[in-house]
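Here the structure is laid out as structure tokens; the discussion comes afterwards.
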Amino acid sequence: MPFLDRRSPRFRRVLAAVPVAAALALSGCSVPTGNARVDPAEASGDGTLRIGLILDNEGQGSFLNKAQLAAAKLAVQEINGAGGHKGRPVELLPESVGQDTAGQARALVDADADVVIGPTDSSRATAAIDVLSRSKILLISPANTAAGLSAYNSGGFYFRTAAADVAQGGALAKLALEGGAKRVAVIHEAGDYGQDVAESASSAVTSSGAETVATAEFTAGNAAAAVAQVKAAGPEVVIVVARGGAQGALSELHNAGISGEKLVLSDGAVRQYGAELGSKALSGARGILPGVFPSAHFQGELVAMDSGLKDMTFAAETYDAVNLAAIAAAAAEDDAGSSMAAWLTTVSGGFRAGVATAAVGGSAAGGSAAGGSVADFAECASYKECIDGLRAGRTPDYQGQSGAINFDANGDITSANYMVFTYGGDNRAELSGSQAVAKSG
């Protein structure tokens with residue numbers, strides 16, 4: 001089987017022009033009340049679980065839709081093969097593609113969706129949240145990473161199976177300190193992403209007993225002053241947090257004699273630079289990308305859904321989102337969005353892991369989703385396995401293709417997995433390992 005990218009270093013998503021912070025400020029005309037993650041949920045579904053998709057990738061990023069669609073189809077096929085929801089087939093609603101996520105969300109409301117998977121772009125998430133939460137429809141994004149979404153008021157109807165950007169701070173610090181370094185500098189691009197990840201990485205360095213000797217900010221194409229500030233501090237390792245301005249910053253660092261093994265790159269800075277940088281500028285440098293590399297078996301199943309699939313970005317997270325929704329519906333014995341939202345934290349392992357402590361209101365049958373001891377939970381890796389556990393009186397703790405989920409009170413995953421890439425003398429990255437970090441704070 002040919003190699004299929006999980007999240008290729010050669011691809012960097014084109015970010016939307018509207019910053020996430022601005023989207024957060026402009027959205028939310030009608031503020032949802034209550035919190036579906038913890039409020040009691042009465043049965044209100046019609047017995048048929050309907051799943052919709054918001055596919056918002058166009059142009060350069062359009063290939064991302066294919067992986068998410070294939071993963072959703074695979075999950076639904078497996079769920080229906082295990083009996084569906086309460087003996088009825090789960091429906092995957094017809095999909096459309098476009099960047100008008102509010103429009104897609106309204107169409108899915110009209111189609112009686114119970115849960116929606118998407119969108120990809122964080123800056124378009126709030127538009128979908130606003131529409132769907134007003135209709136009490138669950139939204140699970142397999143790709144949103146903006147830190148600000150954790151606090152956005154969705155009425156408890158928003159979750160995500162992708163780690164927030166700031167979660168990578170711990171992984172970056174681990175890599176920086178692996179060789180025994182005690183003096184670390186952080187250079188970051190201006191903007192929410194750069195500032196948030198840099199702050200997280202610096203905090204993780206300090207918490208590990210090392211010293212952050214400098215933190216310097218730069219704008220794309222103007223990194224010289226920040227590099228000079230970093231060099232003057234005499235760091236042993238420099239963490240580079242950047243997206244569009246990454247190449248320029250790395251070039252300036254190389255010119256200043258800071259290169260190769262002294263560098264650790266955030267996910268936004270990882271790409272195949274090749275001859276775009278000076279000879280051996282990145283030799284020995286390491287960087288991270290979120291997620292886990294898919295197993296050969298999972299790759300094969302996805303290709304069976306779409307023989308033209310070449311990239312697997314967000315496939316595992318989409319597959320897990322669909323499975324979690326269906327497992328939550330089974331636990332609640334109801335397909336309504338509010339019932340699934342009330343059970344998602346439990347079936348993801350959040351209460352078992354101790355990362356979410358508020359008692360969930362309950363299932364359609366009136367039972368407590370958070371009730372029971374740790375011994376009542378059973379780890380399961382598929383819909384069928386989880387449902388078999390439910391029938392045996394065990395509470396599912398779903399272990400996904402993307403790793404452990406363990407939703408917290410904000411609907412965020414709390415154990416983030418990262419692939420580690422190491423650069424060779426040709427400034428090209430190859431997969432070399434993995435890192436798992438628990439969410440801080």
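By convention in this document, the chains of the structure tokens carry letters A, B, ... by their order, each chain's residues are numbered from 1, and ligands are numbered from 1 in the order they are shown.
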So that I can check the surroundings of segment 252-265 of chain A, please list as a PDB file with N, CA and C atoms, in the first residue's frame every protein, DNA and RNA residue that reaches within 8 Å of it, counting only C-alpha atoms and ignoring chain neighbours fewer than 4 positions away.
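What landed in result-v1.pdb:
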ATOM      1  N   LEU A 172       6.485  20.419  23.022  1.00  0.00           N
ATOM      2  CA  LEU A 172       7.650  21.202  22.601  1.00  0.00           C
ATOM      3  C   LEU A 172       8.673  21.293  23.723  1.00  0.00           C
ATOM      4  N   LEU A 175      10.625  17.973  24.122  1.00  0.00           N
ATOM      5  CA  LEU A 175      11.670  17.819  23.114  1.00  0.00           C
ATOM      6  C   LEU A 175      12.854  18.729  23.405  1.00  0.00           C
ATOM      7  N   ALA A 176      12.570  19.950  23.822  1.00  0.00           N
ATOM      8  CA  ALA A 176      13.643  20.907  24.088  1.00  0.00           C
ATOM      9  C   ALA A 176      14.532  20.454  25.236  1.00  0.00           C
ATOM     10  N   ALA A 223      12.204  39.031  11.281  1.00  0.00           N
ATOM     11  CA  ALA A 223      12.603  38.259  12.451  1.00  0.00           C
ATOM     12  C   ALA A 223      13.990  38.611  12.977  1.00  0.00           C
ATOM     13  N   ALA A 224      14.726  39.476  12.304  1.00  0.00           N
ATOM     14  CA  ALA A 224      16.122  39.734  12.670  1.00  0.00           C
ATOM     15  C   ALA A 224      16.275  40.223  14.107  1.00  0.00           C
ATOM     16  N   VAL A 227      15.581  37.440  16.613  1.00  0.00           N
ATOM     17  CA  VAL A 227      16.683  36.475  16.619  1.00  0.00           C
ATOM     18  C   VAL A 227      17.869  37.026  17.398  1.00  0.00           C
ATOM     19  N   ALA A 228      18.171  38.294  17.219  1.00  0.00           N
ATOM     20  CA  ALA A 228      19.274  38.914  17.963  1.00  0.00           C
ATOM     21  C   ALA A 228      19.006  38.874  19.464  1.00  0.00           C
ATOM     22  N   LYS A 231      19.553  35.238  20.605  1.00  0.00           N
ATOM     23  CA  LYS A 231      20.972  34.869  20.615  1.00  0.00           C
ATOM     24  C   LYS A 231      21.693  35.482  21.806  1.00  0.00           C
ATOM     25  N   GLU A 236      20.453  27.168  25.081  1.00  0.00           N
ATOM     26  CA  GLU A 236      20.951  25.891  24.566  1.00  0.00           C
ATOM     27  C   GLU A 236      20.022  25.350  23.482  1.00  0.00           C
ATOM     28  N   VAL A 237      18.742  25.666  23.603  1.00  0.00           N
ATOM     29  CA  VAL A 237      17.733  25.223  22.643  1.00  0.00           C
ATOM     30  C   VAL A 237      16.773  26.376  22.391  1.00  0.00           C
ATOM     31  N   VAL A 238      16.308  26.491  21.148  1.00  0.00           N
ATOM     32  CA  VAL A 238      15.323  27.520  20.801  1.00  0.00           C
ATOM     33  C   VAL A 238      14.065  26.842  20.264  1.00  0.00           C
ATOM     34  N   ILE A 239      12.930  27.166  20.856  1.00  0.00           N
ATOM     35  CA  ILE A 239      11.634  26.693  20.371  1.00  0.00           C
ATOM     36  C   ILE A 239      11.084  27.741  19.408  1.00  0.00           C
ATOM     37  N   VAL A 240      10.754  27.314  18.199  1.00  0.00           N
ATOM     38  CA  VAL A 240      10.247  28.219  17.163  1.00  0.00           C
ATOM     39  C   VAL A 240       8.751  27.977  16.980  1.00  0.00           C
ATOM     40  N   VAL A 241       7.960  28.990  17.286  1.00  0.00           N
ATOM     41  CA  VAL A 241       6.505  28.896  17.155  1.00  0.00           C
ATOM     42  C   VAL A 241       6.074  29.845  16.041  1.00  0.00           C
ATOM     43  N   GLY A 248      11.303  32.468   7.132  1.00  0.00           N
ATOM     44  CA  GLY A 248      12.142  33.640   7.348  1.00  0.00           C
ATOM     45  C   GLY A 248      12.830  33.612   8.693  1.00  0.00           C
ATOM     46  N   ALA A 269       5.230  25.343  12.003  1.00  0.00           N
ATOM     47  CA  ALA A 269       6.519  25.596  11.354  1.00  0.00           C
ATOM     48  C   ALA A 269       7.070  24.371  10.644  1.00  0.00           C
ATOM     49  N   VAL A 270       6.426  23.226  10.811  1.00  0.00           N
ATOM     50  CA  VAL A 270       6.940  21.987  10.229  1.00  0.00           C
ATOM     51  C   VAL A 270       6.505  21.858   8.771  1.00  0.00           C
ATOM     52  N   GLY A 278      19.295  27.314   3.986  1.00  0.00           N
ATOM     53  CA  GLY A 278      20.706  27.042   3.775  1.00  0.00           C
ATOM     54  C   GLY A 278      21.071  25.597   4.053  1.00  0.00           C
ATOM     55  N   LYS A 280      22.015  22.262   5.439  1.00  0.00           N
ATOM     56  CA  LYS A 280      21.980  21.656   6.772  1.00  0.00           C
ATOM     57  C   LYS A 280      21.462  22.604   7.866  1.00  0.00           C
ATOM     58  N   ALA A 281      20.675  23.596   7.467  1.00  0.00           N
ATOM     59  CA  ALA A 281      20.143  24.546   8.455  1.00  0.00           C
ATOM     60  C   ALA A 281      19.295  23.853   9.510  1.00  0.00           C
ATOM     61  N   LEU A 282      18.636  22.760   9.108  1.00  0.00           N
ATOM     62  CA  LEU A 282      17.751  22.067  10.045  1.00  0.00           C
ATOM     63  C   LEU A 282      18.243  20.669  10.398  1.00  0.00           C
ATOM     64  N   SER A 283      19.458  20.327  10.050  1.00  0.00           N
ATOM     65  CA  SER A 283      19.970  18.983  10.313  1.00  0.00           C
ATOM     66  C   SER A 283      19.917  18.663  11.809  1.00  0.00           C
ATOM     67  N   GLY A 284      19.074  17.705  12.163  1.00  0.00           N
ATOM     68  CA  GLY A 284      18.921  17.328  13.569  1.00  0.00           C
ATOM     69  C   GLY A 284      17.812  18.058  14.292  1.00  0.00           C
ATOM     70  N   ALA A 285      17.239  19.090  13.671  1.00  0.00           N
ATOM     71  CA  ALA A 285      16.116  19.803  14.293  1.00  0.00           C
ATOM     72  C   ALA A 285      14.906  18.881  14.348  1.00  0.00           C
ATOM     73  N   ARG A 286      14.044  19.139  15.322  1.00  0.00           N
ATOM     74  CA  ARG A 286      12.837  18.324  15.448  1.00  0.00           C
ATOM     75  C   ARG A 286      11.597  19.209  15.497  1.00  0.00           C
ATOM     76  N   GLY A 287      10.492  18.640  15.057  1.00  0.00           N
ATOM     77  CA  GLY A 287       9.227  19.353  15.091  1.00  0.00           C
ATOM     78  C   GLY A 287       8.098  18.378  15.326  1.00  0.00           C
ATOM     79  N   ILE A 288       6.916  18.908  15.580  1.00  0.00           N
ATOM     80  CA  ILE A 288       5.778  18.052  15.880  1.00  0.00           C
ATOM     81  C   ILE A 288       4.585  18.382  14.994  1.00  0.00           C
TER      82      ILE A 288
END
>> Env of segment 116-120 of chain A: 8 Å cut, atoms = only C-alpha atoms, seq-sep filter 2 positions within chain, self excluded. Answer as a PyMOL selection string.
In response: chain A and resi 51-57+101+108+113-114+122+124-125+128+137-144+318+321-322
Those residues with C-alpha atoms, as a tab-separated table (two decimals), in the first residue's frame please?
chain	number	residue	atom	x	y	z
A	51	ILE	CA	-25.31	12.61	11.27
A	52	GLY	CA	-24.37	15.62	9.18
A	53	LEU	CA	-21.02	16.92	7.97
A	54	ILE	CA	-19.74	20.47	7.55
A	55	LEU	CA	-17.01	20.30	4.93
A	56	ASP	CA	-15.52	23.78	4.61
A	57	ASN	CA	-12.28	23.22	2.71
A	101	THR	CA	-20.66	27.18	7.63
A	108	LEU	CA	-28.53	20.42	8.43
A	113	ALA	CA	-29.55	16.29	11.93
A	114	ASP	CA	-28.94	15.17	15.52
A	122	SER	CA	-11.44	27.28	13.69
A	124	ARG	CA	-15.56	29.34	10.92
A	125	ALA	CA	-16.56	27.26	13.95
A	128	ALA	CA	-21.82	26.77	13.03
A	137	ILE	CA	-27.87	19.90	17.80
A	138	LEU	CA	-24.53	18.47	18.90
A	139	LEU	CA	-21.41	19.69	17.06
A	140	ILE	CA	-18.10	17.80	17.22
A	141	SER	CA	-15.15	19.21	15.28
A	142	PRO	CA	-12.34	16.86	14.27
A	143	ALA	CA	-9.99	19.74	13.48
A	144	ASN	CA	-10.63	22.98	15.42
A	318	THR	CA	-13.55	12.32	12.34
A	321	ALA	CA	-16.25	11.87	16.57
A	322	VAL	CA	-18.87	9.77	14.77
> Distance atom CA of Gly221 of chain A-atom CA of Ser62 of chain A, one decimal place?
Replying inline: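 Atom CA of Gly221 of chain A sits 27.7 Å away from atom CA of Ser62 of chain A.
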>> For the alpha helix (DSSP H) assignment from backbone DSSP, which residues of segment 215-437 of chain A qualify? Please present them as a VMD selection string.
In response: chain A and resid 224 to 232 246 to 255 296 to 305 315 to 332 337 to 347 350 to 353 383 to 391
> From the list A:Ser251, A:Asn410, A:Gln195, A:Gln68, which residue is nearest Asp165 of chain A when using only C-alpha atoms?
Replying inline: A:Gln195
> Do you know which residues are at most 8 Å from segment 418-424 of chain A counting only C-alpha atoms, after dropping those on the same chain fewer than 2 positions away, and could you put them as a list in words?
Replying inline: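 Skipping anything fewer than 2 positions along the chain leaves Gln168, Ala171, Lys280, Leu282, Ser283, Gly284, Ala285, Arg286, Gly287, Ile288, Leu289, Pro290, Gly291, Val292, Phe293, Ala416, Asp426, Asn427, Arg428, Ala429, Glu430, Leu431, Ser432, Gly433, Ser434, Gln435 and Ala436 of chain A.
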Just the selected residues (N, CA and C atoms), exported as a PDB file, in the first residue's frame, please.
ATOM      1  N   GLN A 168       0.188  21.730  22.615  1.00  0.00           N
ATOM      2  CA  GLN A 168       1.499  21.313  22.124  1.00  0.00           C
ATOM      3  C   GLN A 168       2.659  21.907  22.916  1.00  0.00           C
ATOM      4  N   ALA A 171       4.560  19.261  24.695  1.00  0.00           N
ATOM      5  CA  ALA A 171       5.358  18.412  23.808  1.00  0.00           C
ATOM      6  C   ALA A 171       6.609  19.135  23.336  1.00  0.00           C
ATOM      7  N   LYS A 280      22.015  22.262   5.439  1.00  0.00           N
ATOM      8  CA  LYS A 280      21.980  21.656   6.772  1.00  0.00           C
ATOM      9  C   LYS A 280      21.462  22.604   7.866  1.00  0.00           C
ATOM     10  N   LEU A 282      18.636  22.760   9.108  1.00  0.00           N
ATOM     11  CA  LEU A 282      17.751  22.067  10.045  1.00  0.00           C
ATOM     12  C   LEU A 282      18.243  20.669  10.398  1.00  0.00           C
ATOM     13  N   SER A 283      19.458  20.327  10.050  1.00  0.00           N
ATOM     14  CA  SER A 283      19.970  18.983  10.313  1.00  0.00           C
ATOM     15  C   SER A 283      19.917  18.663  11.809  1.00  0.00           C
ATOM     16  N   GLY A 284      19.074  17.705  12.163  1.00  0.00           N
ATOM     17  CA  GLY A 284      18.921  17.328  13.569  1.00  0.00           C
ATOM     18  C   GLY A 284      17.812  18.058  14.292  1.00  0.00           C
ATOM     19  N   ALA A 285      17.239  19.090  13.671  1.00  0.00           N
ATOM     20  CA  ALA A 285      16.116  19.803  14.293  1.00  0.00           C
ATOM     21  C   ALA A 285      14.906  18.881  14.348  1.00  0.00           C
ATOM     22  N   ARG A 286      14.044  19.139  15.322  1.00  0.00           N
ATOM     23  CA  ARG A 286      12.837  18.324  15.448  1.00  0.00           C
ATOM     24  C   ARG A 286      11.597  19.209  15.497  1.00  0.00           C
ATOM     25  N   GLY A 287      10.492  18.640  15.057  1.00  0.00           N
ATOM     26  CA  GLY A 287       9.227  19.353  15.091  1.00  0.00           C
ATOM     27  C   GLY A 287       8.098  18.378  15.326  1.00  0.00           C
ATOM     28  N   ILE A 288       6.916  18.908  15.580  1.00  0.00           N
ATOM     29  CA  ILE A 288       5.778  18.052  15.880  1.00  0.00           C
ATOM     30  C   ILE A 288       4.585  18.382  14.994  1.00  0.00           C
ATOM     31  N   LEU A 289       3.762  17.365  14.772  1.00  0.00           N
ATOM     32  CA  LEU A 289       2.460  17.531  14.143  1.00  0.00           C
ATOM     33  C   LEU A 289       1.452  16.767  14.996  1.00  0.00           C
ATOM     34  N   PRO A 290       0.233  17.276  15.141  1.00  0.00           N
ATOM     35  CA  PRO A 290      -0.733  16.623  16.021  1.00  0.00           C
ATOM     36  C   PRO A 290      -1.246  15.305  15.471  1.00  0.00           C
ATOM     37  N   GLY A 291      -1.610  14.406  16.390  1.00  0.00           N
ATOM     38  CA  GLY A 291      -2.227  13.147  16.016  1.00  0.00           C
ATOM     39  C   GLY A 291      -1.288  11.964  16.112  1.00  0.00           C
ATOM     40  N   VAL A 292      -1.794  10.829  15.686  1.00  0.00           N
ATOM     41  CA  VAL A 292      -1.008   9.601  15.650  1.00  0.00           C
ATOM     42  C   VAL A 292      -1.014   9.090  14.214  1.00  0.00           C
ATOM     43  N   PHE A 293       0.045   8.390  13.834  1.00  0.00           N
ATOM     44  CA  PHE A 293       0.089   7.857  12.477  1.00  0.00           C
ATOM     45  C   PHE A 293      -0.878   6.677  12.384  1.00  0.00           C
ATOM     46  N   ALA A 416      -3.245  14.813  24.546  1.00  0.00           N
ATOM     47  CA  ALA A 416      -2.933  15.115  23.150  1.00  0.00           C
ATOM     48  C   ALA A 416      -1.747  14.290  22.665  1.00  0.00           C
ATOM     49  N   ASP A 426      19.258  17.493   4.414  1.00  0.00           N
ATOM     50  CA  ASP A 426      18.607  18.084   3.241  1.00  0.00           C
ATOM     51  C   ASP A 426      17.425  18.972   3.631  1.00  0.00           C
ATOM     52  N   ASN A 427      17.297  19.241   4.919  1.00  0.00           N
ATOM     53  CA  ASN A 427      16.200  20.081   5.440  1.00  0.00           C
ATOM     54  C   ASN A 427      14.822  19.490   5.168  1.00  0.00           C
ATOM     55  N   ARG A 428      14.770  18.177   5.138  1.00  0.00           N
ATOM     56  CA  ARG A 428      13.501  17.482   4.955  1.00  0.00           C
ATOM     57  C   ARG A 428      13.227  16.628   6.188  1.00  0.00           C
ATOM     58  N   ALA A 429      11.956  16.583   6.584  1.00  0.00           N
ATOM     59  CA  ALA A 429      11.575  15.919   7.833  1.00  0.00           C
ATOM     60  C   ALA A 429      11.074  14.502   7.600  1.00  0.00           C
ATOM     61  N   GLU A 430      11.412  13.622   8.529  1.00  0.00           N
ATOM     62  CA  GLU A 430      10.904  12.255   8.510  1.00  0.00           C
ATOM     63  C   GLU A 430      10.359  11.910   9.889  1.00  0.00           C
ATOM     64  N   LEU A 431       9.289  11.122   9.907  1.00  0.00           N
ATOM     65  CA  LEU A 431       8.694  10.693  11.167  1.00  0.00           C
ATOM     66  C   LEU A 431       9.715   9.912  11.976  1.00  0.00           C
ATOM     67  N   SER A 432       9.891  10.300  13.243  1.00  0.00           N
ATOM     68  CA  SER A 432      10.914   9.650  14.063  1.00  0.00           C
ATOM     69  C   SER A 432      10.419   9.221  15.435  1.00  0.00           C
ATOM     70  N   GLY A 433       9.209   9.565  15.805  1.00  0.00           N
ATOM     71  CA  GLY A 433       8.728   9.177  17.125  1.00  0.00           C
ATOM     72  C   GLY A 433       7.388   9.803  17.435  1.00  0.00           C
ATOM     73  N   SER A 434       7.051   9.816  18.714  1.00  0.00           N
ATOM     74  CA  SER A 434       5.770  10.372  19.138  1.00  0.00           C
ATOM     75  C   SER A 434       5.895  10.963  20.527  1.00  0.00           C
ATOM     76  N   GLN A 435       4.960  11.828  20.866  1.00  0.00           N
ATOM     77  CA  GLN A 435       4.876  12.435  22.184  1.00  0.00           C
ATOM     78  C   GLN A 435       3.410  12.448  22.596  1.00  0.00           C
ATOM     79  N   ALA A 436       3.163  12.174  23.868  1.00  0.00           N
ATOM     80  CA  ALA A 436       1.821  12.298  24.431  1.00  0.00           C
ATOM     81  C   ALA A 436       1.907  13.229  25.623  1.00  0.00           C
TER      82      ALA A 436
END
>> At a cut-off of 7 Å, using only C-alpha atoms, what residues contact Ala201 of chain A? Leave out same-chain residues fewer than 2 positions from it and give the result as a list in words.
In response: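 Surrounding residues, per the criterion: Gly169, Gly170, Leu172, Ala173, Val197, Ala198, Glu199, Ser203, Ala204 and Val205 of chain A.
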> Neighbours of Asp334 of chain A within 9 Å (only C-alpha atoms; same-chain residues fewer than 6 positions away dropped), as a ChimeraX atom specification?
Replying inline: /A:42-49,85-86,328,340,363-365
May I have the selected residues written with C-alpha atoms, as a PDB file, in the first residue's frame?
ATOM      1  CA  GLU A  42     -35.112  14.154  28.637  1.00  0.00           C
ATOM      2  CA  ALA A  43     -35.646  11.822  25.691  1.00  0.00           C
ATOM      3  CA  SER A  44     -36.651  13.884  22.670  1.00  0.00           C
ATOM      4  CA  GLY A  45     -35.219  12.044  19.664  1.00  0.00           C
ATOM      5  CA  ASP A  46     -37.286  10.355  16.973  1.00  0.00           C
ATOM      6  CA  GLY A  47     -35.404   7.054  17.089  1.00  0.00           C
ATOM      7  CA  THR A  48     -33.238   7.630  14.002  1.00  0.00           C
ATOM      8  CA  LEU A  49     -29.728   8.968  14.532  1.00  0.00           C
ATOM      9  CA  HIS A  85     -29.003   2.838  16.857  1.00  0.00           C
ATOM     10  CA  LYS A  86     -31.779   0.953  18.678  1.00  0.00           C
ATOM     11  CA  ALA A 328     -23.362   8.459  23.602  1.00  0.00           C
ATOM     12  CA  MET A 340     -25.720  12.781  23.432  1.00  0.00           C
ATOM     13  CA  SER A 363     -29.774   9.682  30.323  1.00  0.00           C
ATOM     14  CA  ALA A 364     -33.191   9.537  28.794  1.00  0.00           C
ATOM     15  CA  ALA A 365     -33.910   6.742  31.223  1.00  0.00           C
TER      16      ALA A 365
END
> With only C-alpha atoms as the atoms that count, which of A:Ala330, A:Ala316, A:Ala214, A:Ala167 lies nearest to Gly87 of chain A?
Replying inline: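 Checking each of A:Ala330, A:Ala316, A:Ala214, A:Ala167 against Gly87 of chain A, counting only C-alpha atoms, the winner is A:Ala330.
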>> Show me, as a count of residues only, the residues that have an atom within 12 Å of Gly84 of chain A when counting only C-alpha atoms, minus same-chain residues fewer than 5 positions from it.
In response: 22
> Neighbours of Arg394 of chain A within 8 Å (only C-alpha atoms; same-chain residues fewer than 3 positions away dropped), as a PyMOL selection string?
Replying inline: chain A and resi 376-378+389-391
Convert the current residue selection to file output with N, CA and C atoms, as a PDB file, in the first residue's frame.
ATOM      1  N   ASP A 376     -16.726   0.260  37.074  1.00  0.00           N
ATOM      2  CA  ASP A 376     -17.884   0.092  36.203  1.00  0.00           C
ATOM      3  C   ASP A 376     -17.572   0.413  34.746  1.00  0.00           C
ATOM      4  N   PHE A 377     -16.415   1.019  34.491  1.00  0.00           N
ATOM      5  CA  PHE A 377     -16.052   1.414  33.136  1.00  0.00           C
ATOM      6  C   PHE A 377     -15.321   0.285  32.419  1.00  0.00           C
ATOM      7  N   ALA A 378     -15.522   0.217  31.116  1.00  0.00           N
ATOM      8  CA  ALA A 378     -14.819  -0.769  30.299  1.00  0.00           C
ATOM      9  C   ALA A 378     -14.257  -0.076  29.069  1.00  0.00           C
ATOM     10  N   GLY A 389     -20.363  -3.855  25.795  1.00  0.00           N
ATOM     11  CA  GLY A 389     -20.119  -3.527  27.193  1.00  0.00           C
ATOM     12  C   GLY A 389     -21.338  -2.925  27.855  1.00  0.00           C
ATOM     13  N   LEU A 390     -22.030  -2.046  27.150  1.00  0.00           N
ATOM     14  CA  LEU A 390     -23.258  -1.449  27.690  1.00  0.00           C
ATOM     15  C   LEU A 390     -24.286  -2.519  28.021  1.00  0.00           C
ATOM     16  N   ARG A 391     -24.445  -3.467  27.129  1.00  0.00           N
ATOM     17  CA  ARG A 391     -25.426  -4.537  27.345  1.00  0.00           C
ATOM     18  C   ARG A 391     -25.059  -5.409  28.535  1.00  0.00           C
TER      19      ARG A 391
END
